[in-house]
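Shown next: input36.cif, given as mmCIF, C-alpha atoms.
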data_work
loop_
_atom_site.group_PDB
_atom_site.id
_atom_site.type_symbol
_atom_site.label_atom_id
_atom_site.label_comp_id
_atom_site.auth_asym_id
_atom_site.auth_seq_id
_atom_site.Cartn_x
_atom_site.Cartn_y
_atom_site.Cartn_z
ATOM 1 C CA MET A 1 0.000 0.000 0.000
ATOM 2 C CA ILE A 2 2.711 2.485 0.994
ATOM 3 C CA LYS A 3 4.729 1.792 -2.145
ATOM 4 C CA SER A 4 1.706 2.164 -4.445
ATOM 5 C CA ILE A 5 0.848 5.515 -2.857
ATOM 6 C CA SER A 6 4.417 6.746 -3.129
ATOM 7 C CA THR A 7 4.686 5.493 -6.702
ATOM 8 C CA ALA A 8 1.514 7.356 -7.618
ATOM 9 C CA ALA A 9 2.891 10.494 -5.994
ATOM 10 C CA VAL A 10 6.135 10.279 -7.948
ATOM 11 C CA LEU A 11 4.340 9.582 -11.220
ATOM 12 C CA GLY A 12 2.455 12.830 -10.670
ATOM 13 C CA LEU A 13 5.686 14.807 -10.975
ATOM 14 C CA THR A 14 6.576 16.375 -14.294
ATOM 15 C CA ALA A 15 9.865 15.410 -15.905
ATOM 16 C CA CYS A 16 11.551 18.713 -15.019
ATOM 17 C CA GLN A 17 10.660 18.746 -11.313
ATOM 18 C CA PRO A 18 13.099 17.304 -8.791
ATOM 19 C CA ALA A 19 11.811 14.401 -6.693
ATOM 20 C CA MET A 20 12.243 16.388 -3.487
ATOM 21 C CA ALA A 21 9.629 18.893 -4.687
ATOM 22 C CA GLN A 22 6.987 16.291 -3.818
ATOM 23 C CA ALA A 23 5.825 16.201 -0.204
ATOM 24 C CA PRO A 24 7.042 13.122 1.660
ATOM 25 C CA ILE A 25 4.597 10.363 2.595
ATOM 26 C CA CYS A 26 4.497 9.920 6.369
ATOM 27 C CA GLY A 27 2.991 7.532 8.886
ATOM 28 C CA PRO A 28 3.676 5.574 12.049
ATOM 29 C CA THR A 29 7.113 3.969 11.886
ATOM 30 C CA LEU A 30 5.936 0.406 12.486
ATOM 31 C CA GLU A 31 3.347 0.738 9.701
ATOM 32 C CA MET A 32 6.025 2.080 7.333
ATOM 33 C CA TRP A 33 8.302 -0.849 8.182
ATOM 34 C CA ASP A 34 5.458 -3.317 7.622
ATOM 35 C CA GLY A 35 4.645 -1.697 4.265
ATOM 36 C CA LEU A 36 8.257 -1.837 3.108
ATOM 37 C CA GLY A 37 8.445 -5.462 4.232
ATOM 38 C CA GLU A 38 5.448 -6.294 2.053
ATOM 39 C CA TYR A 39 7.603 -5.312 -0.925
ATOM 40 C CA GLY A 40 10.465 -7.481 0.257
ATOM 41 C CA GLU A 41 12.540 -4.501 1.339
ATOM 42 C CA THR A 42 14.763 -4.850 4.393
ATOM 43 C CA ARG A 43 16.779 -2.193 6.178
ATOM 44 C CA GLN A 44 20.203 -1.949 4.564
ATOM 45 C CA SER A 45 21.655 1.047 6.400
ATOM 46 C CA ILE A 46 20.906 3.428 9.237
ATOM 47 C CA ALA A 47 22.483 6.757 10.216
ATOM 48 C CA ILE A 48 21.780 9.700 12.481
ATOM 49 C CA HIS A 49 20.709 12.849 10.593
ATOM 50 C CA SER A 50 23.320 15.641 10.805
ATOM 51 C CA GLU A 51 21.060 17.721 13.053
ATOM 52 C CA GLY A 52 20.463 14.746 15.332
ATOM 53 C CA ASP A 53 16.685 14.987 15.124
ATOM 54 C CA ALA A 54 16.022 11.976 12.898
ATOM 55 C CA VAL A 55 17.362 8.634 11.746
ATOM 56 C CA VAL A 56 17.955 8.096 8.025
ATOM 57 C CA GLU A 57 17.153 4.545 6.932
ATOM 58 C CA THR A 58 17.765 2.914 3.578
ATOM 59 C CA TRP A 59 15.555 -0.084 2.780
ATOM 60 C CA ALA A 60 15.993 -2.248 -0.307
ATOM 61 C CA ASN A 61 14.885 -5.455 -1.941
ATOM 62 C CA VAL A 62 18.162 -7.006 -3.064
ATOM 63 C CA ASP A 63 16.355 -9.319 -5.494
ATOM 64 C CA THR A 64 14.197 -6.766 -7.351
ATOM 65 C CA GLY A 65 16.410 -3.689 -6.859
ATOM 66 C CA SER A 66 13.678 -1.489 -5.370
ATOM 67 C CA TRP A 67 14.854 0.890 -2.627
ATOM 68 C CA THR A 68 13.359 3.446 -0.250
ATOM 69 C CA VAL A 69 14.906 6.109 1.983
ATOM 70 C CA ILE A 70 12.918 7.079 5.065
ATOM 71 C CA LEU A 71 13.471 9.580 7.863
ATOM 72 C CA THR A 72 12.368 8.388 11.284
ATOM 73 C CA SER A 73 11.749 10.858 14.092
ATOM 74 C CA PRO A 74 11.893 10.213 17.826
ATOM 75 C CA THR A 75 8.109 10.771 17.925
ATOM 76 C CA GLY A 76 7.449 7.427 16.212
ATOM 77 C CA ALA A 77 6.705 8.822 12.756
ATOM 78 C CA SER A 78 8.573 8.023 9.542
ATOM 79 C CA CYS A 79 8.489 9.671 6.133
ATOM 80 C CA ILE A 80 9.422 8.275 2.733
ATOM 81 C CA VAL A 81 11.641 10.907 1.144
ATOM 82 C CA LEU A 82 13.073 9.026 -1.857
ATOM 83 C CA HIS A 83 12.544 5.702 -3.614
ATOM 84 C CA GLY A 84 13.468 4.046 -6.844
ATOM 85 C CA GLN A 85 14.905 1.051 -8.673
ATOM 86 C CA GLY A 86 18.409 -0.242 -9.298
ATOM 87 C CA TRP A 87 19.669 -0.944 -5.774
ATOM 88 C CA ALA A 88 23.116 -2.523 -5.678
ATOM 89 C CA SER A 89 25.174 -3.377 -2.617
ATOM 90 C CA THR A 90 28.844 -2.465 -2.713
ATOM 91 C CA ALA A 91 31.863 -3.439 -0.680
ATOM 92 C CA PRO A 92 32.829 -0.945 2.019
ATOM 93 C CA VAL A 93 35.355 1.671 0.898
ATOM 94 C CA VAL A 94 38.594 1.499 2.886
ATOM 95 C CA GLY A 95 40.703 4.613 3.039
ATOM 96 C CA ASP A 96 40.328 7.631 0.780
ATOM 97 C CA PRO A 97 38.146 6.667 -2.245
ATOM 98 C CA ALA A 98 39.547 9.569 -4.277
#
Output the file's structure as structure tokens, nothing else.
Amino acid sequence: MIKSISTAAVLGLTACQPAMAQAPICGPTLEMWDGLGEYGETRQSIAIHSEGDAVVETWANVDTGSWTVILTSPTGASCIVLHGQGWASTAPVVGDPA
């Protein structure tokens, strides 16, 4: 359900608008996790937002390549901020990648 709503929202964007121009889709964190799980996505990474007021989570289905980035607040709400296709896991970078 979550993915179909977010897909519909993204399809409503015109080709020249950036994805971030669309309002994020938000809901209770556990419901977001359940919805992502229904699409076979599992949490691949987690990090604290630079301002410390949210957790950034990347979810992906390693078989189909779908991925979703959500922000989770301490209040128990999460928002889908980006999603797409073409997920690929990479080996960790050691040292300076430049």
Task: Nearby residues (only C-alpha atoms) at most 8 Å from Tyr39 in chain A, same-chain spacing under 2 positions excluded, as JSON, numbers by chain - done: {"A": [3, 35, 36, 37, 41, 61]}
Open item on the list: Between A:Ile25, A:Ala60, A:Cys79, A:Leu30, which residue has the minimum interatomic distance to Arg43 in chain A, considering all atoms listed in the file?
Closed with: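 When distances to Arg43 in chain A are compared using all atoms listed in the file, the smallest one comes from A:Ala60.
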TODO: Between A:Trp33, A:Glu38, A:Ala77, A:Gly27, single out the one closest to Thr58 in chain A, counting all atoms listed in the file.
DONE: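 Among A:Trp33, A:Glu38, A:Ala77, A:Gly27, it is A:Trp33 that comes nearest to Thr58 in chain A.
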TODO: Give me the result of the PyMOL selection byres ((chain A and resi 57) around 9) on this file, residue by residue, as an MDAnalysis selection string.
DONE: chainID A and resid 43:48 55:56 58:59 68:72
TODO: Give as a list in words the residues that the PyMOL selection byres ((chain A and resi 86) around 9) matches when applied to the coordinates above.
DONE: Thr64, Gly65, Ser66, Trp67, Gly84, Gln85, Trp87 and Ala88 of chain A
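You will find CA of Met32 in chain A at 15.1 Å from CA of Ala54 in chain A.
Across the model, the gap from CA of Thr42 in chain A to CA of Val93 in chain A is 21.9 Å.
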Task: Between CA of Val81 in chain A and CA of Cys26 in chain A - distance in Å to one decimal - done: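 Here the two named atoms are 8.9 Å from each other.
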Open item on the list: Counting all atoms listed in the file, which residue out of A:Glu31, A:Pro74, A:Ala91, A:Gly40 sits closest to Gly52 in chain A?
Closed with: A:Pro74
Once you've located range 67-78 of chain A in the structure I gave, write it as a PDB file, in the first residue's frame, keeping all heavy atoms.
ATOM      1  N   TRP A  67      14.279   0.320  -3.836  1.00  0.00           N
ATOM      2  CA  TRP A  67      14.854   0.890  -2.627  1.00  0.00           C
ATOM      3  C   TRP A  67      14.020   2.066  -2.161  1.00  0.00           C
ATOM      4  O   TRP A  67      13.306   2.702  -2.947  1.00  0.00           O
ATOM      5  CB  TRP A  67      16.309   1.303  -2.833  1.00  0.00           C
ATOM      6  CG  TRP A  67      16.514   2.293  -3.937  1.00  0.00           C
ATOM      7  CD1 TRP A  67      16.821   2.014  -5.239  1.00  0.00           C
ATOM      8  CD2 TRP A  67      16.401   3.723  -3.857  1.00  0.00           C
ATOM      9  NE1 TRP A  67      16.911   3.175  -5.974  1.00  0.00           N
ATOM     10  CE2 TRP A  67      16.661   4.247  -5.136  1.00  0.00           C
ATOM     11  CE3 TRP A  67      16.116   4.609  -2.831  1.00  0.00           C
ATOM     12  CZ2 TRP A  67      16.640   5.614  -5.417  1.00  0.00           C
ATOM     13  CZ3 TRP A  67      16.089   5.970  -3.104  1.00  0.00           C
ATOM     14  CH2 TRP A  67      16.358   6.465  -4.391  1.00  0.00           C
ATOM     15  N   THR A  68      14.104   2.353  -0.864  1.00  0.00           N
ATOM     16  CA  THR A  68      13.359   3.446  -0.250  1.00  0.00           C
ATOM     17  C   THR A  68      14.225   4.065   0.834  1.00  0.00           C
ATOM     18  O   THR A  68      14.878   3.347   1.597  1.00  0.00           O
ATOM     19  CB  THR A  68      12.052   2.926   0.395  1.00  0.00           C
ATOM     20  OG1 THR A  68      11.290   2.221  -0.587  1.00  0.00           O
ATOM     21  CG2 THR A  68      11.214   4.063   0.948  1.00  0.00           C
ATOM     22  N   VAL A  69      14.234   5.397   0.904  1.00  0.00           N
ATOM     23  CA  VAL A  69      14.906   6.109   1.983  1.00  0.00           C
ATOM     24  C   VAL A  69      13.824   6.748   2.839  1.00  0.00           C
ATOM     25  O   VAL A  69      12.950   7.446   2.315  1.00  0.00           O
ATOM     26  CB  VAL A  69      15.871   7.192   1.451  1.00  0.00           C
ATOM     27  CG1 VAL A  69      16.451   8.019   2.591  1.00  0.00           C
ATOM     28  CG2 VAL A  69      16.979   6.563   0.616  1.00  0.00           C
ATOM     29  N   ILE A  70      13.878   6.468   4.155  1.00  0.00           N
ATOM     30  CA  ILE A  70      12.918   7.079   5.065  1.00  0.00           C
ATOM     31  C   ILE A  70      13.657   7.828   6.164  1.00  0.00           C
ATOM     32  O   ILE A  70      14.791   7.503   6.506  1.00  0.00           O
ATOM     33  CB  ILE A  70      11.945   6.049   5.685  1.00  0.00           C
ATOM     34  CG1 ILE A  70      12.659   5.028   6.553  1.00  0.00           C
ATOM     35  CG2 ILE A  70      11.139   5.345   4.612  1.00  0.00           C
ATOM     36  CD1 ILE A  70      11.717   4.111   7.316  1.00  0.00           C
ATOM     37  N   LEU A  71      13.002   8.872   6.676  1.00  0.00           N
ATOM     38  CA  LEU A  71      13.471   9.580   7.863  1.00  0.00           C
ATOM     39  C   LEU A  71      12.559   9.175   9.002  1.00  0.00           C
ATOM     40  O   LEU A  71      11.330   9.208   8.861  1.00  0.00           O
ATOM     41  CB  LEU A  71      13.392  11.097   7.671  1.00  0.00           C
ATOM     42  CG  LEU A  71      14.362  11.718   6.689  1.00  0.00           C
ATOM     43  CD1 LEU A  71      14.124  13.233   6.605  1.00  0.00           C
ATOM     44  CD2 LEU A  71      15.804  11.457   7.111  1.00  0.00           C
ATOM     45  N   THR A  72      13.142   8.798  10.121  1.00  0.00           N
ATOM     46  CA  THR A  72      12.368   8.388  11.284  1.00  0.00           C
ATOM     47  C   THR A  72      12.661   9.349  12.428  1.00  0.00           C
ATOM     48  O   THR A  72      13.827   9.583  12.765  1.00  0.00           O
ATOM     49  CB  THR A  72      12.737   6.949  11.689  1.00  0.00           C
ATOM     50  OG1 THR A  72      12.425   6.086  10.600  1.00  0.00           O
ATOM     51  CG2 THR A  72      11.970   6.504  12.914  1.00  0.00           C
ATOM     52  N   SER A  73      11.596   9.898  12.999  1.00  0.00           N
ATOM     53  CA  SER A  73      11.749  10.858  14.092  1.00  0.00           C
ATOM     54  C   SER A  73      11.595  10.157  15.434  1.00  0.00           C
ATOM     55  O   SER A  73      11.041   9.054  15.508  1.00  0.00           O
ATOM     56  CB  SER A  73      10.708  11.969  13.968  1.00  0.00           C
ATOM     57  OG  SER A  73       9.443  11.487  14.383  1.00  0.00           O
ATOM     58  N   PRO A  74      12.052  10.801  16.500  1.00  0.00           N
ATOM     59  CA  PRO A  74      11.893  10.213  17.826  1.00  0.00           C
ATOM     60  C   PRO A  74      10.424  10.133  18.273  1.00  0.00           C
ATOM     61  O   PRO A  74      10.111   9.448  19.229  1.00  0.00           O
ATOM     62  CB  PRO A  74      12.668  11.151  18.755  1.00  0.00           C
ATOM     63  CG  PRO A  74      13.417  12.088  17.898  1.00  0.00           C
ATOM     64  CD  PRO A  74      12.843  12.010  16.527  1.00  0.00           C
ATOM     65  N   THR A  75       9.525  10.772  17.561  1.00  0.00           N
ATOM     66  CA  THR A  75       8.109  10.771  17.925  1.00  0.00           C
ATOM     67  C   THR A  75       7.392   9.507  17.475  1.00  0.00           C
ATOM     68  O   THR A  75       6.222   9.316  17.788  1.00  0.00           O
ATOM     69  CB  THR A  75       7.381  11.982  17.320  1.00  0.00           C
ATOM     70  OG1 THR A  75       7.416  11.876  15.897  1.00  0.00           O
ATOM     71  CG2 THR A  75       8.021  13.291  17.755  1.00  0.00           C
ATOM     72  N   GLY A  76       8.071   8.655  16.697  1.00  0.00           N
ATOM     73  CA  GLY A  76       7.449   7.427  16.212  1.00  0.00           C
ATOM     74  C   GLY A  76       6.837   7.562  14.833  1.00  0.00           C
ATOM     75  O   GLY A  76       6.066   6.714  14.415  1.00  0.00           O
ATOM     76  N   ALA A  77       7.192   8.627  14.123  1.00  0.00           N
ATOM     77  CA  ALA A  77       6.705   8.822  12.756  1.00  0.00           C
ATOM     78  C   ALA A  77       7.875   8.676  11.782  1.00  0.00           C
ATOM     79  O   ALA A  77       9.002   9.027  12.103  1.00  0.00           O
ATOM     80  CB  ALA A  77       6.073  10.196  12.601  1.00  0.00           C
ATOM     81  N   SER A  78       7.572   8.145  10.606  1.00  0.00           N
ATOM     82  CA  SER A  78       8.573   8.023   9.542  1.00  0.00           C
ATOM     83  C   SER A  78       8.005   8.596   8.260  1.00  0.00           C
ATOM     84  O   SER A  78       6.796   8.569   8.040  1.00  0.00           O
ATOM     85  CB  SER A  78       8.938   6.551   9.311  1.00  0.00           C
ATOM     86  OG  SER A  78       9.644   6.038  10.406  1.00  0.00           O
TER      87      SER A  78
END
